[in-house]
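Structure file upload.csv with CSV, C-alpha atoms:
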chain,number,residue,atom,x,y,z
H,1,MET,CA,-30.8,-48.8,-37.8
H,2,ILE,CA,-30.7,-51.8,-40.1
H,3,LEU,CA,-28.2,-50.1,-42.4
H,4,VAL,CA,-26.0,-49.2,-39.5
H,5,GLY,CA,-26.3,-52.8,-38.2
H,6,VAL,CA,-25.3,-54.2,-41.6
H,7,LYS,CA,-22.4,-51.7,-41.8
H,8,LEU,CA,-21.1,-52.7,-38.4
H,9,TYR,CA,-21.5,-56.3,-39.2
H,10,GLN,CA,-19.4,-55.9,-42.3
H,11,VAL,CA,-16.7,-54.0,-40.3
H,12,THR,CA,-16.5,-57.0,-37.9
H,13,LEU,CA,-16.1,-59.4,-40.8
H,14,GLY,CA,-12.5,-58.4,-41.6
H,15,PRO,CA,-10.7,-59.0,-44.9
H,16,VAL,CA,-11.9,-61.8,-47.2
H,17,SER,CA,-9.8,-64.9,-46.2
H,18,SER,CA,-11.7,-67.8,-47.6
H,19,GLY,CA,-14.5,-68.8,-50.0
H,20,GLY,CA,-15.0,-67.5,-53.5
H,21,ALA,CA,-13.0,-64.5,-54.4
H,22,PRO,CA,-15.2,-61.5,-55.2
H,23,ASP,CA,-15.2,-61.0,-58.9
H,24,PHE,CA,-14.1,-57.7,-60.4
H,25,THR,CA,-12.9,-56.1,-63.6
H,26,LEU,CA,-9.7,-54.1,-63.4
H,27,THR,CA,-8.9,-51.6,-66.1
H,28,THR,CA,-5.2,-51.0,-66.1
H,29,PHE,CA,-3.4,-47.7,-66.5
H,30,GLU,CA,-2.7,-48.9,-70.1
H,31,GLY,CA,-6.4,-49.5,-70.7
H,32,GLU,CA,-6.5,-53.3,-70.7
H,33,SER,CA,-9.3,-55.0,-68.9
H,34,HIS,CA,-8.8,-58.0,-66.6
H,35,THR,CA,-11.8,-59.8,-65.1
H,36,LEU,CA,-10.9,-62.2,-62.3
H,37,SER,CA,-13.5,-64.8,-63.3
H,38,ASP,CA,-11.8,-65.1,-66.7
H,39,TYR,CA,-8.8,-66.6,-65.0
H,40,GLN,CA,-10.5,-69.5,-63.3
H,41,GLY,CA,-8.1,-72.4,-63.4
H,42,GLN,CA,-5.1,-70.1,-62.9
H,43,VAL,CA,-3.5,-68.9,-59.7
H,44,VAL,CA,-4.0,-65.1,-59.3
H,45,VAL,CA,-2.1,-62.8,-56.9
H,46,ILE,CA,-4.1,-59.7,-56.1
H,47,ASN,CA,-2.0,-57.0,-54.5
H,48,PHE,CA,-3.5,-53.8,-53.1
H,49,TRP,CA,-1.0,-50.9,-52.9
H,50,ALA,CA,-0.7,-47.1,-53.2
H,51,SER,CA,2.1,-44.7,-54.1
H,52,TRP,CA,1.8,-43.0,-50.8
H,53,CYS,CA,2.2,-46.2,-48.9
H,54,GLY,CA,5.7,-46.7,-47.4
H,55,PRO,CA,5.5,-50.4,-46.6
H,56,CYS,CA,4.3,-51.1,-50.2
H,57,GLU,CA,7.8,-50.1,-51.4
H,58,LEU,CA,9.3,-52.8,-49.3
H,59,GLU,CA,7.5,-55.6,-51.2
H,60,ALA,CA,7.4,-54.0,-54.7
H,61,ALA,CA,10.7,-55.6,-55.9
H,62,ASP,CA,9.8,-59.0,-54.5
H,63,LEU,CA,6.4,-59.0,-56.1
H,64,GLU,CA,7.9,-58.0,-59.4
H,65,GLN,CA,10.5,-60.8,-59.1
H,66,ALA,CA,7.9,-63.4,-58.3
H,67,TRP,CA,5.8,-62.2,-61.3
H,68,ARG,CA,8.7,-62.6,-63.6
H,69,ASP,CA,9.5,-66.1,-62.2
H,70,TYR,CA,6.0,-67.4,-62.2
H,71,LYS,CA,4.2,-65.8,-65.1
H,72,GLU,CA,5.3,-68.6,-67.4
H,73,ARG,CA,3.8,-71.1,-65.0
H,74,GLY,CA,0.4,-69.5,-65.5
H,75,VAL,CA,0.3,-67.3,-62.4
H,76,LEU,CA,-1.2,-63.9,-62.9
H,77,PHE,CA,-0.4,-60.8,-60.8
H,78,LEU,CA,-2.8,-58.0,-60.6
H,79,GLY,CA,-1.9,-54.7,-58.8
H,80,ILE,CA,-4.8,-52.7,-57.5
H,81,ASP,CA,-3.9,-49.1,-56.8
H,82,TYR,CA,-5.9,-48.0,-53.8
H,83,VAL,CA,-7.0,-44.3,-53.3
H,84,ASP,CA,-4.2,-42.9,-55.4
H,85,THR,CA,-3.5,-40.3,-58.0
H,86,GLU,CA,-2.6,-41.5,-61.4
H,87,THR,CA,0.5,-39.4,-61.9
H,88,GLU,CA,2.1,-40.5,-58.7
H,89,ALA,CA,0.9,-44.1,-59.3
H,90,ARG,CA,2.5,-44.3,-62.7
H,91,ALA,CA,5.7,-42.7,-61.4
H,92,TYR,CA,5.8,-45.3,-58.6
H,93,LEU,CA,5.4,-48.2,-61.0
H,94,GLN,CA,8.0,-46.8,-63.4
H,95,LYS,CA,10.5,-46.1,-60.6
H,96,ARG,CA,10.2,-49.7,-59.2
H,97,GLY,CA,10.1,-51.3,-62.7
H,98,VAL,CA,6.8,-53.0,-62.1
H,99,THR,CA,5.6,-54.8,-65.2
H,100,TYR,CA,2.6,-56.8,-64.2
H,101,PRO,CA,-0.9,-55.4,-64.8
H,102,ASN,CA,-1.8,-52.5,-62.5
H,103,GLY,CA,-4.8,-50.2,-62.4
H,104,PRO,CA,-6.7,-47.9,-60.2
H,105,ASP,CA,-9.4,-49.2,-57.9
H,106,LEU,CA,-12.2,-47.0,-59.3
H,107,ARG,CA,-14.7,-45.9,-56.7
H,108,THR,CA,-12.8,-48.2,-54.3
H,109,ALA,CA,-15.2,-51.0,-55.4
H,110,ILE,CA,-12.6,-53.8,-55.4
H,111,SER,CA,-11.1,-52.9,-52.0
H,112,GLN,CA,-14.6,-52.7,-50.5
H,113,ALA,CA,-15.4,-56.1,-52.0
H,114,TYR,CA,-12.3,-57.6,-50.4
H,115,ARG,CA,-12.9,-55.5,-47.2
H,116,ILE,CA,-9.3,-54.4,-47.0
H,117,LYS,CA,-8.1,-52.7,-43.9
H,118,GLY,CA,-5.1,-50.9,-45.4
H,119,VAL,CA,-2.3,-51.3,-47.9
H,120,PRO,CA,-0.4,-53.3,-48.7
H,121,GLU,CA,-2.6,-56.4,-48.6
H,122,THR,CA,-2.2,-59.4,-50.9
H,123,TYR,CA,-4.9,-62.0,-51.7
H,124,ILE,CA,-4.0,-65.2,-53.5
H,125,VAL,CA,-6.7,-66.9,-55.5
H,126,GLY,CA,-6.4,-70.6,-56.2
H,127,LYS,CA,-7.2,-72.4,-59.4
H,128,ASP,CA,-10.8,-73.0,-58.1
H,129,GLY,CA,-11.4,-69.3,-57.8
H,130,SER,CA,-11.4,-69.2,-54.0
H,131,VAL,CA,-9.2,-67.0,-51.8
H,132,THR,CA,-6.6,-69.4,-50.4
H,133,GLU,CA,-4.2,-66.9,-48.7
H,134,THR,CA,-4.6,-63.4,-47.3
H,135,ILE,CA,-1.5,-61.5,-46.5
H,136,ILE,CA,-1.9,-58.4,-44.4
H,137,GLY,CA,1.1,-56.0,-44.6
H,138,PRO,CA,4.1,-56.4,-46.8
H,139,THR,CA,5.1,-59.8,-48.1
H,140,ASP,CA,8.3,-61.1,-49.5
H,141,TYR,CA,9.6,-63.4,-52.3
H,142,ALA,CA,10.1,-66.4,-50.1
H,143,ARG,CA,6.7,-66.3,-48.6
H,144,LEU,CA,5.0,-65.7,-51.9
H,145,THR,CA,6.8,-68.4,-53.9
H,146,ALA,CA,6.2,-70.9,-51.1
H,147,ILE,CA,2.4,-70.3,-51.4
H,148,LEU,CA,2.6,-70.3,-55.2
H,149,ASP,CA,4.5,-73.5,-55.4
H,150,ARG,CA,2.0,-75.2,-53.1
H,151,LEU,CA,-1.0,-74.0,-55.1
H,152,LEU,CA,0.6,-74.9,-58.5
H,153,ASN,CA,1.3,-78.4,-57.2
H,154,GLU,CA,-2.3,-79.0,-56.0
V,1,MET,CA,27.7,16.9,-77.6
V,2,LYS,CA,24.7,18.6,-79.1
V,3,SER,CA,23.8,15.6,-81.1
V,4,TYR,CA,24.1,13.6,-78.0
V,5,THR,CA,21.8,16.0,-76.2
V,6,ASP,CA,19.4,15.9,-79.1
V,7,SER,CA,19.5,12.2,-79.3
V,8,SER,CA,19.1,11.9,-75.5
V,9,CYS,CA,16.1,14.2,-75.9
V,10,VAL,CA,14.6,11.8,-78.4
V,11,ILE,CA,15.6,8.7,-76.5
V,12,ARG,CA,14.3,9.9,-73.1
V,13,PRO,CA,10.6,9.9,-74.1
V,14,LEU,CA,11.1,6.6,-75.9
V,15,THR,CA,12.8,5.2,-72.8
V,16,ILE,CA,10.0,6.4,-70.6
V,17,ILE,CA,7.3,4.9,-72.9
V,18,GLY,CA,9.3,1.7,-73.0
V,19,LEU,CA,9.6,1.5,-69.3
V,20,VAL,CA,5.9,2.2,-68.9
V,21,LEU,CA,5.1,-0.5,-71.4
V,22,LEU,CA,7.5,-2.9,-69.7
V,23,LEU,CA,6.0,-2.2,-66.3
V,24,THR,CA,2.5,-2.5,-67.6
V,25,PHE,CA,3.1,-5.8,-69.4
V,26,SER,CA,5.0,-7.2,-66.4
V,27,VAL,CA,2.2,-6.3,-64.1
V,28,PHE,CA,-0.4,-7.8,-66.4
V,29,GLY,CA,1.8,-10.8,-67.0
V,30,GLU,CA,2.1,-11.3,-63.2
V,31,THR,CA,-1.7,-10.9,-62.8
V,32,ALA,CA,-2.3,-13.4,-65.5
V,33,ALA,CA,0.1,-15.9,-63.9
V,34,GLN,CA,-1.6,-15.4,-60.5
V,35,GLY,CA,-5.0,-16.0,-62.2
V,36,ASP,CA,-3.7,-19.4,-63.6
V,37,GLU,CA,-2.4,-20.5,-60.2
V,38,PRO,CA,-5.2,-21.3,-57.8
V,39,THR,CA,-4.9,-19.9,-54.3
V,40,GLU,CA,-4.7,-22.0,-51.2
V,41,ASP,CA,-8.2,-20.8,-50.3
V,42,GLU,CA,-9.6,-21.9,-53.6
V,43,VAL,CA,-8.0,-25.4,-53.1
V,44,ASN,CA,-9.2,-25.6,-49.5
V,45,THR,CA,-12.8,-24.6,-50.4
V,46,ILE,CA,-13.0,-27.8,-52.4
V,47,ALA,CA,-10.8,-29.8,-50.1
V,48,GLU,CA,-13.0,-29.2,-47.1
V,49,GLN,CA,-15.8,-30.9,-48.9
V,50,LEU,CA,-13.9,-34.1,-49.5
V,51,TYR,CA,-12.8,-36.9,-47.2
V,52,CYS,CA,-10.0,-39.2,-48.0
V,53,PRO,CA,-11.0,-42.9,-47.3
V,54,VAL,CA,-7.5,-43.5,-45.8
V,55,CYS,CA,-8.0,-40.9,-43.0
V,56,GLU,CA,-11.6,-41.4,-42.0
V,57,ASN,CA,-13.5,-38.5,-40.6
V,58,VAL,CA,-10.7,-36.0,-41.4
V,59,PRO,CA,-11.6,-33.5,-44.1
V,60,LEU,CA,-9.0,-33.2,-46.9
V,61,ASP,CA,-8.1,-29.5,-46.0
V,62,VAL,CA,-6.8,-30.5,-42.6
V,63,CYS,CA,-5.5,-34.0,-43.3
V,64,GLY,CA,-1.8,-34.3,-43.1
V,65,THR,CA,-1.1,-37.6,-44.9
V,66,GLN,CA,0.8,-38.0,-48.2
V,67,ALA,CA,-2.4,-39.3,-49.8
V,68,CYS,CA,-4.3,-36.2,-48.8
V,69,ALA,CA,-1.4,-34.0,-50.0
V,70,GLN,CA,-1.6,-35.7,-53.4
V,71,TRP,CA,-5.4,-35.1,-53.6
V,72,ARG,CA,-4.9,-31.4,-52.8
V,73,ALA,CA,-2.3,-31.3,-55.5
V,74,THR,CA,-4.9,-32.9,-57.9
V,75,ILE,CA,-7.4,-30.2,-56.9
V,76,ARG,CA,-4.9,-27.5,-57.6
V,77,LYS,CA,-4.1,-29.0,-61.0
V,78,LYS,CA,-7.7,-29.3,-62.0
V,79,LEU,CA,-8.4,-25.7,-60.9
V,80,ALA,CA,-5.4,-24.5,-62.9
V,81,ALA,CA,-6.8,-26.5,-65.9
V,82,GLY,CA,-10.0,-24.5,-65.6
V,83,TRP,CA,-12.2,-27.1,-63.9
V,84,ASN,CA,-15.0,-25.8,-61.6
V,85,GLU,CA,-15.9,-27.0,-58.1
V,86,LYS,CA,-18.7,-29.3,-59.4
V,87,GLN,CA,-16.5,-30.9,-62.0
V,88,ILE,CA,-13.7,-31.6,-59.5
V,89,LYS,CA,-16.1,-33.1,-56.9
V,90,GLN,CA,-17.6,-35.3,-59.7
V,91,TYR,CA,-14.1,-36.4,-60.7
V,92,PHE,CA,-13.2,-37.4,-57.1
V,93,SER,CA,-16.6,-39.1,-56.8
V,94,ASN,CA,-16.1,-41.1,-60.0
V,95,GLN,CA,-12.5,-42.0,-59.0
V,96,TYR,CA,-12.9,-42.9,-55.4
V,97,GLY,CA,-16.7,-43.3,-54.8
V,98,VAL,CA,-19.4,-41.1,-53.3
V,99,ARG,CA,-18.1,-41.8,-49.8
V,100,VAL,CA,-15.4,-39.2,-50.3
V,101,LEU,CA,-18.0,-36.5,-50.5
V,102,ALA,CA,-18.8,-34.6,-47.3
V,103,GLN,CA,-22.3,-34.2,-48.6
V,104,PRO,CA,-23.4,-37.4,-50.4
V,105,PRO,CA,-25.8,-36.9,-53.4
V,106,THR,CA,-29.5,-37.0,-52.7
V,107,GLN,CA,-30.1,-39.6,-55.4
V,108,GLY,CA,-30.5,-43.4,-55.4
V,109,PHE,CA,-29.6,-45.3,-52.3
V,110,ASN,CA,-28.0,-42.3,-50.8
V,111,ALA,CA,-31.4,-40.5,-50.7
V,112,LEU,CA,-32.1,-42.8,-47.7
V,113,PHE,CA,-29.5,-41.0,-45.6
V,114,TRP,CA,-31.4,-37.8,-46.2
V,115,ALA,CA,-34.9,-39.3,-45.8
V,116,LEU,CA,-34.2,-41.5,-42.8
V,117,PRO,CA,-33.6,-38.9,-40.1
V,118,PRO,CA,-36.9,-37.0,-40.5
V,119,VAL,CA,-38.8,-40.3,-41.0
V,120,ALA,CA,-37.1,-41.7,-37.8
V,121,PHE,CA,-38.0,-38.5,-36.0
V,122,LEU,CA,-41.7,-38.7,-37.1
V,123,VAL,CA,-41.9,-42.4,-36.2
V,124,SER,CA,-40.3,-41.7,-32.8
V,125,ALA,CA,-42.7,-38.8,-32.2
V,126,PHE,CA,-45.7,-41.0,-33.0
V,127,PHE,CA,-44.6,-43.7,-30.5
V,128,VAL,CA,-43.8,-41.1,-27.8
V,129,LEU,CA,-47.3,-39.5,-28.3
V,130,ARG,CA,-48.9,-43.0,-28.2
V,131,PHE,CA,-47.0,-43.8,-25.0
V,132,ILE,CA,-48.1,-40.5,-23.4
V,133,ARG,CA,-51.8,-41.1,-24.4
V,134,ASN,CA,-51.7,-44.7,-22.9
V,135,ILE,CA,-50.3,-43.3,-19.6
V,136,ARG,CA,-53.1,-40.7,-19.6
V,137,ARG,CA,-55.7,-43.3,-20.3
V,138,LYS,CA,-54.5,-45.4,-17.4
V,139,GLN,CA,-54.5,-42.3,-15.2
V,140,GLN,CA,-58.1,-41.5,-16.0
V,141,PRO,CA,-59.8,-44.1,-13.7
V,142,ALA,CA,-57.5,-42.9,-10.9
V,143,ASP,CA,-58.6,-39.3,-11.6
V,144,GLY,CA,-62.2,-40.5,-11.5
V,145,GLN,CA,-61.7,-42.1,-8.1
V,146,PRO,CA,-62.2,-38.8,-6.1
V,147,ALA,CA,-65.3,-38.0,-8.1
V,148,ALA,CA,-66.8,-41.4,-7.2
V,149,GLU,CA,-65.7,-40.9,-3.6
V,150,GLN,CA,-67.4,-37.5,-3.6
V,151,ALA,CA,-70.6,-39.0,-5.0
V,152,ASN,CA,-70.5,-41.7,-2.3
V,153,ALA,CA,-69.9,-39.0,0.3
V,154,ASP,CA,-72.9,-37.0,-1.0
V,155,ASP,CA,-75.1,-40.1,-0.9
V,156,TYR,CA,-73.9,-40.7,2.6
V,157,VAL,CA,-74.7,-37.1,3.7
V,158,ALA,CA,-78.1,-37.3,2.1
V,159,ARG,CA,-78.9,-40.5,3.8
V,160,LEU,CA,-77.6,-39.2,7.1
V,161,GLU,CA,-79.8,-36.1,6.8
V,162,ARG,CA,-82.8,-38.2,5.9
V,163,GLU,CA,-82.3,-40.4,9.0
V,164,LEU,CA,-81.8,-37.4,11.2
V,165,GLU,CA,-85.1,-36.0,9.9
V,166,GLN,CA,-86.8,-39.2,11.0
V,167,TRP,CA,-85.5,-38.8,14.5
V,168,ARG,CA,-86.6,-35.2,14.8
Structure encoded using C-alpha cells:
Amino acid sequence: MILVGVKLYQVTLGPVSSGGAPDFTLTTFEGESHTLSDYQGQVVVINFWASWCGPCELEAADLEQAWRDYKERGVLFLGIDYVDTETEARAYLQKRGVTYPNGPDLRTAISQAYRIKGVPETYIVGKDGSVTETIIGPTDYARLTAILDRLLNE
Amino acid sequence: MKSYTDSSCVIRPLTIIGLVLLLTFSVFGETAAQGDEPTEDEVNTIAEQLYCPVCENVPLDVCGTQACAQWRATIRKKLAAGWNEKQIKQYFSNQYGVRVLAQPPTQGFNALFWALPPVAFLVSAFFVLRFIRNIRRKQQPADGQPAAEQANADDYVARLERELEQWR
C-alpha cells in the first residue's frame, strides 16, 4: 500500500520544473560520457525525443540551429533518446543533421528522474544547476533563444 | 541424327540428375532461408511478454504504435541473429528497464511484488479471524443469558414447590 501510495504521489508530481536538476550520466551513441553535474556553471539544454515521435521532428531543426548558434557561448545541448531503437535513432539524427551529443536513455532512468510525460520535452538547466524552464511539447528557435539569452545574461 | 539420339540419350539422364539436384538444393536452400527468418509467431511469443512504456498496459504483440513496431522489428533481428528468448528479454530489460517485462524478476526490490500479495493475504486473514473472535467473545455473555435465566427459573420453581409443601 505504501509503495502504491508513493507511486501515485510521484505521478501527481508532474515533470520536474524547478529545483536542482536530477543528475545523470548520458553515454552518447558515439560512446562519450556526459555527466550533468560536470557542467555546473554552464547552461544545459536537455531534450527528450524519440525517432517514432512525430512532433519531435518539428523541433529538430530549431534545436540544432540553436545549438550551433549558442555552443560557443558555453551552452550545452544533450539529446536523450527515449524508448527507442538505436538503428532508427541514428537514422533520425543523420537525416536531420543533428550534431549535438545524443544518447539512449538506458533503462529509462533519466526520463524517470525528470518524470517526463511524453516526448518531446525540454528542460533547461541554469548555471546554478537548477531547472529553470520546462517545455512540454515541441519548442522552436525563438522561444529557446529567448530563454538562453536571459539565462546567459543572468 | 543417330549421334543426336545418342547424345540425347546421354544428356537425358544427366539432365534429370541435374534437375533433381537443382530441385533438392532449391528446396533445402528455401528451408534454410525460412529457418533464418523468424516467424510471426516466434516474434509474438516474445513480444507478448514485453510492454512498451509508451503504451502502458498494452503488450507489445498487440500494440499498434510505431515504437512497438520498432521493438518487434528488433525482436525479429535478434532472433534472426540467433538470440534466444532469455537473451532478448534481458536485452530489452537492460535497454529500457525491468518495467518493460510482463513478469518482473523475482530478485531485489522486485521480489516485494511477489512477496507482498501472500503476506497481505495472511495479515488480512489474521485480522479477519481476530475480528470474528472478538465478535464471538462479545456474544458469549449474551449466549449465557438464557442459561442464567433458566437457573433463576429453576430456583424459582424449587422455592415455589417448597412453599407449596409448607401449605399442604
message: List as a list in words the residues having at least one atom at most 8 Å from position (-8.2, -31.0, -54.0) as given in the file, counting all atoms listed in the file.
response: Val43, Asn44, Ile46, Ala47, Leu50, Leu60, Trp71, Arg72, Ala73, Thr74, Ile75, Arg76 and Ile88 of chain V
Would you mind listing what lies within 7 Å of range 15-21 of chain H as a PDB file with C-alpha atoms, in the frame of the given file, with all atoms listed in the file counted and same-chain residues fewer than 5 positions away left out?
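Printed below is around-v2.pdb as written:
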ATOM      1  CA  TYR H 114     -12.300 -57.600 -50.400  1.00  0.00           C
ATOM      2  CA  ARG H 115     -12.900 -55.500 -47.200  1.00  0.00           C
ATOM      3  CA  ILE H 116      -9.300 -54.400 -47.000  1.00  0.00           C
ATOM      4  CA  LYS H 117      -8.100 -52.700 -43.900  1.00  0.00           C
ATOM      5  CA  VAL H 125      -6.700 -66.900 -55.500  1.00  0.00           C
ATOM      6  CA  GLY H 129     -11.400 -69.300 -57.800  1.00  0.00           C
ATOM      7  CA  SER H 130     -11.400 -69.200 -54.000  1.00  0.00           C
ATOM      8  CA  VAL H 131      -9.200 -67.000 -51.800  1.00  0.00           C
ATOM      9  CA  THR H 132      -6.600 -69.400 -50.400  1.00  0.00           C
ATOM     10  CA  GLU H 133      -4.200 -66.900 -48.700  1.00  0.00           C
ATOM     11  CA  THR H 134      -4.600 -63.400 -47.300  1.00  0.00           C
TER      12      THR H 134
END
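Counting all atoms listed in the file and comparing H:Leu106, H:Ala66, H:Ala61, H:Leu144, the residue that lies closest to Tyr82 in chain H is H:Leu106.
In this structure, CA of Leu76 in chain H sits 14.2 Å away from CA of Gly103 in chain H.
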- request: Using all atoms listed in the file, determine which residues lie at most 9 Å from Asp105 in chain H, disregarding the query and same-chain residues fewer than 3 positions distant; provide the list as a PyMOL selection string.
  value: (chain H and resi 26-27+48+80-84+108-111) or (chain V and resi 95-96)
V:Gln49, V:Gln107, V:Ser93, V:Thr39 ranked by distance to chain H, top pick (using only C-alpha atoms): V:Ser93
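In this comparison, which uses only C-alpha atoms, the residue of H:Val119, H:Leu151, H:Glu32, H:Arg96 approaching Gln65 in chain H most closely is H:Arg96.
All residues of protein, DNA or RNA that reach within 12 Å of Thr65 in chain V, judged by only C-alpha atoms and not counting those fewer than 4 positions away in the chain, are Trp52, Cys53 and Gly54 of chain H; Tyr51, Cys52, Pro53, Val54, Cys55, Glu56, Val58, Pro59, Leu60, Asp61, Ala69, Gln70, Trp71 and Arg72 of chain V.
When CA of Leu79 in chain V is paired with CA of Asp36 in chain V, their separation reads 8.3 Å.
Going from CA of Pro55 in chain H over to CA of Leu93 in chain H, you cover 14.6 Å.
Nearest to chain H of all the residues V:Phe126, V:Phe131, V:Trp167, V:Phe92 is V:Phe92, counting only C-alpha atoms.
When only C-alpha atoms are used to compute distances to chain H, the closest of the residues V:Lys77, V:Glu37, V:Lys86, V:Glu48 turns out to be V:Lys77.
In this comparison, which uses only C-alpha atoms, the residue of H:Gly74, H:Gly79, H:Pro104, H:Gly31 approaching chain V most closely is H:Pro104.
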task: Using all atoms listed in the file, give me every residue within 8 Å of (8.1, -64.1, -55.1) in file coordinates, as a ChimeraX atom specification.
output: /H:62-67,69,140-145
Give me the residues of range 112-133 of chain H that have any atom at most 8 Å from an atom of range 38-42 of chain H; for each, the nearest atom pair and the distance in Å, rounded to one decimal. Use all atoms listed in the file, sort by chain and number, and format it as a Markdown table.
| residue | atom | partner | partner_atom | distance |
| --- | --- | --- | --- | --- |
| H:Gly126 | CA | H:Gln42 | CA | 6.8 |
| H:Lys127 | CA | H:Gly41 | CA | 4.1 |
| H:Asp128 | CA | H:Gly41 | CA | 6.0 |
| H:Gly129 | CA | H:Gln40 | CA | 5.6 |
N, CA, C and O atoms are needed for range 57-71 of chain H; please write them out as a PDB file, in the frame of the given file.
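In the end it all went to out14.pdb:
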ATOM      1  N   GLU H  57       6.450 -50.151 -50.707  1.00  0.00           N
ATOM      2  CA  GLU H  57       7.800 -50.100 -51.400  1.00  0.00           C
ATOM      3  C   GLU H  57       8.635 -51.270 -50.998  1.00  0.00           C
ATOM      4  O   GLU H  57       9.450 -51.733 -51.785  1.00  0.00           O
ATOM      5  N   LEU H  58       8.438 -51.736 -49.754  1.00  0.00           N
ATOM      6  CA  LEU H  58       9.300 -52.800 -49.300  1.00  0.00           C
ATOM      7  C   LEU H  58       9.050 -54.127 -50.044  1.00  0.00           C
ATOM      8  O   LEU H  58       9.954 -54.933 -50.192  1.00  0.00           O
ATOM      9  N   GLU H  59       7.829 -54.315 -50.513  1.00  0.00           N
ATOM     10  CA  GLU H  59       7.500 -55.600 -51.200  1.00  0.00           C
ATOM     11  C   GLU H  59       7.490 -55.469 -52.703  1.00  0.00           C
ATOM     12  O   GLU H  59       7.377 -56.482 -53.381  1.00  0.00           O
ATOM     13  N   ALA H  60       7.581 -54.244 -53.223  1.00  0.00           N
ATOM     14  CA  ALA H  60       7.400 -54.000 -54.700  1.00  0.00           C
ATOM     15  C   ALA H  60       8.406 -54.880 -55.493  1.00  0.00           C
ATOM     16  O   ALA H  60       8.005 -55.544 -56.461  1.00  0.00           O
ATOM     17  N   ALA H  61       9.668 -54.874 -55.099  1.00  0.00           N
ATOM     18  CA  ALA H  61      10.700 -55.600 -55.900  1.00  0.00           C
ATOM     19  C   ALA H  61      10.433 -57.106 -55.804  1.00  0.00           C
ATOM     20  O   ALA H  61      10.587 -57.825 -56.813  1.00  0.00           O
ATOM     21  N   ASP H  62      10.027 -57.609 -54.634  1.00  0.00           N
ATOM     22  CA  ASP H  62       9.800 -59.000 -54.500  1.00  0.00           C
ATOM     23  C   ASP H  62       8.561 -59.500 -55.290  1.00  0.00           C
ATOM     24  O   ASP H  62       8.566 -60.586 -55.884  1.00  0.00           O
ATOM     25  N   LEU H  63       7.539 -58.655 -55.309  1.00  0.00           N
ATOM     26  CA  LEU H  63       6.400 -59.000 -56.100  1.00  0.00           C
ATOM     27  C   LEU H  63       6.725 -59.051 -57.592  1.00  0.00           C
ATOM     28  O   LEU H  63       6.316 -59.974 -58.303  1.00  0.00           O
ATOM     29  N   GLU H  64       7.499 -58.088 -58.035  1.00  0.00           N
ATOM     30  CA  GLU H  64       7.900 -58.000 -59.400  1.00  0.00           C
ATOM     31  C   GLU H  64       8.740 -59.270 -59.806  1.00  0.00           C
ATOM     32  O   GLU H  64       8.541 -59.887 -60.852  1.00  0.00           O
ATOM     33  N   GLN H  65       9.665 -59.618 -58.896  1.00  0.00           N
ATOM     34  CA  GLN H  65      10.500 -60.800 -59.100  1.00  0.00           C
ATOM     35  C   GLN H  65       9.681 -62.062 -59.213  1.00  0.00           C
ATOM     36  O   GLN H  65       9.886 -62.906 -60.093  1.00  0.00           O
ATOM     37  N   ALA H  66       8.734 -62.187 -58.280  1.00  0.00           N
ATOM     38  CA  ALA H  66       7.900 -63.400 -58.300  1.00  0.00           C
ATOM     39  C   ALA H  66       7.029 -63.436 -59.549  1.00  0.00           C
ATOM     40  O   ALA H  66       6.838 -64.519 -60.125  1.00  0.00           O
ATOM     41  N   TRP H  67       6.537 -62.301 -60.000  1.00  0.00           N
ATOM     42  CA  TRP H  67       5.800 -62.200 -61.300  1.00  0.00           C
ATOM     43  C   TRP H  67       6.617 -62.730 -62.418  1.00  0.00           C
ATOM     44  O   TRP H  67       6.189 -63.540 -63.226  1.00  0.00           O
ATOM     45  N   ARG H  68       7.858 -62.244 -62.485  1.00  0.00           N
ATOM     46  CA  ARG H  68       8.700 -62.600 -63.600  1.00  0.00           C
ATOM     47  C   ARG H  68       9.050 -64.111 -63.566  1.00  0.00           C
ATOM     48  O   ARG H  68       9.159 -64.749 -64.609  1.00  0.00           O
ATOM     49  N   ASP H  69       9.175 -64.639 -62.360  1.00  0.00           N
ATOM     50  CA  ASP H  69       9.500 -66.100 -62.200  1.00  0.00           C
ATOM     51  C   ASP H  69       8.361 -66.998 -62.415  1.00  0.00           C
ATOM     52  O   ASP H  69       8.546 -68.174 -62.728  1.00  0.00           O
ATOM     53  N   TYR H  70       7.146 -66.520 -62.182  1.00  0.00           N
ATOM     54  CA  TYR H  70       6.000 -67.400 -62.200  1.00  0.00           C
ATOM     55  C   TYR H  70       4.998 -67.189 -63.321  1.00  0.00           C
ATOM     56  O   TYR H  70       4.064 -67.972 -63.487  1.00  0.00           O
ATOM     57  N   LYS H  71       5.165 -66.120 -64.088  1.00  0.00           N
ATOM     58  CA  LYS H  71       4.200 -65.800 -65.100  1.00  0.00           C
ATOM     59  C   LYS H  71       4.129 -66.935 -66.189  1.00  0.00           C
ATOM     60  O   LYS H  71       3.077 -67.255 -66.731  1.00  0.00           O
TER      61      LYS H  71
END
